[in-house]
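Take a look at the structure below.
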Amino acid sequence: MDLTPYVSKLSAELAVAAEAGGEDARALAERLTAPLDSAVRLMLLEALSSAADEITAELAPGSVELRLRGREPSFVVTPPPTDDSYFGPALPAPPATVAPTPVADADEGTMARINLRLPEQLKARIEEAAAREKVSANVWLARAAAAALDSTPAHQPGNPGHIGGQQFTGWVR
């Protein structure tokens, strides 16, 4: 997608508006046109990215990605699957105890994409927790998911915290 016509149109509109202000305003508009080019392109990219995110949210499990090559953005559309093969067979029950496995960083191994809808309040709490640990929300969520999957659930019989259907934690005097 070529952004140049949109940037040129905005520059032309700025020049027309400056004509009403006289010679000084026209000269100022001419001096501002070049520096505004990058800012306008960035704002257009942010708007396109937000639009792609909104479309992806509605298209899930399909997606729309905005990719940038050089100075030109392009869209990559992945339509949702048309059959039930997307969901695959039912997963077997996990074993009672699972050895913890380290979570790979984003640049290690094959990565998969998942669309997750969260309440705004939960999303804000996740972002705050990730910021405290100085990692991205994606890395924080991957670590939280791995920790949840690698730990023995408290409700399983045989777990030291499981006593007659109740779990107790804390200090006693």
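In the structure tokens, chains take the letters A, B, ... in the order shown, each chain's residues start at 1, and ligands count up from 1 in the order shown.
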Set the distance at 12 Å and use only C-alpha atoms: which residues neighbour Thr4 in chain A once local chain neighbours fewer than 4 positions away are removed? I'd like the list as a tab-separated table (two decimals) with N, CA and C atoms, in the first residue's frame.
chain	number	residue	atom	x	y	z
A	8	SER	N	0.87	13.33	0.41
A	8	SER	CA	0.85	14.45	-0.53
A	8	SER	C	-0.45	15.24	-0.43
A	9	LYS	N	-1.56	14.52	-0.28
A	9	LYS	CA	-2.86	15.19	-0.16
A	9	LYS	C	-2.90	16.04	1.10
A	10	LEU	N	-2.36	15.53	2.21
A	10	LEU	CA	-2.33	16.30	3.45
A	10	LEU	C	-1.44	17.54	3.30
A	11	SER	N	-0.32	17.40	2.62
A	11	SER	CA	0.57	18.54	2.38
A	11	SER	C	-0.13	19.60	1.53
A	37	ASP	N	6.25	14.86	6.97
A	37	ASP	CA	6.13	13.64	6.16
A	37	ASP	C	6.28	12.39	7.01
A	38	SER	N	7.34	12.32	7.81
A	38	SER	CA	7.58	11.15	8.65
A	38	SER	C	6.51	10.99	9.72
A	40	VAL	N	3.39	12.05	9.65
A	40	VAL	CA	2.13	11.64	9.03
A	40	VAL	C	2.18	10.16	8.67
A	41	ARG	N	3.28	9.71	8.12
A	41	ARG	CA	3.42	8.29	7.79
A	41	ARG	C	3.29	7.42	9.04
A	44	LEU	N	-0.33	7.28	10.12
A	44	LEU	CA	-1.10	6.41	9.21
A	44	LEU	C	-0.81	4.94	9.52
A	71	ARG	N	9.34	1.51	3.39
A	71	ARG	CA	8.42	2.52	3.93
A	71	ARG	C	6.98	2.21	3.60
A	72	GLU	N	6.74	1.05	3.00
A	72	GLU	CA	5.38	0.73	2.54
A	72	GLU	C	4.76	-0.42	3.31
A	73	PRO	N	3.56	-0.20	3.86
A	73	PRO	CA	2.87	-1.27	4.59
A	73	PRO	C	2.11	-2.18	3.63
Do you know which residues are at most 9 Å from range 13-20 of chain A counting only C-alpha atoms, after dropping those on the same chain fewer than 6 positions away, and could you put them as a PyMOL selection string? chain A and resi 26-30+33
Separation of CA of Arg117 in chain A and CA of Thr56 in chain A, in Å?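 Calculated distance between CA of Arg117 in chain A and CA of Thr56 in chain A is 11.1 Å.
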Have a look at CA of Leu36 in chain A and CA of Val76 in chain A and let me know their distance in Å, one decimal.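 That distance, rounded to one decimal, is 27.9 Å.
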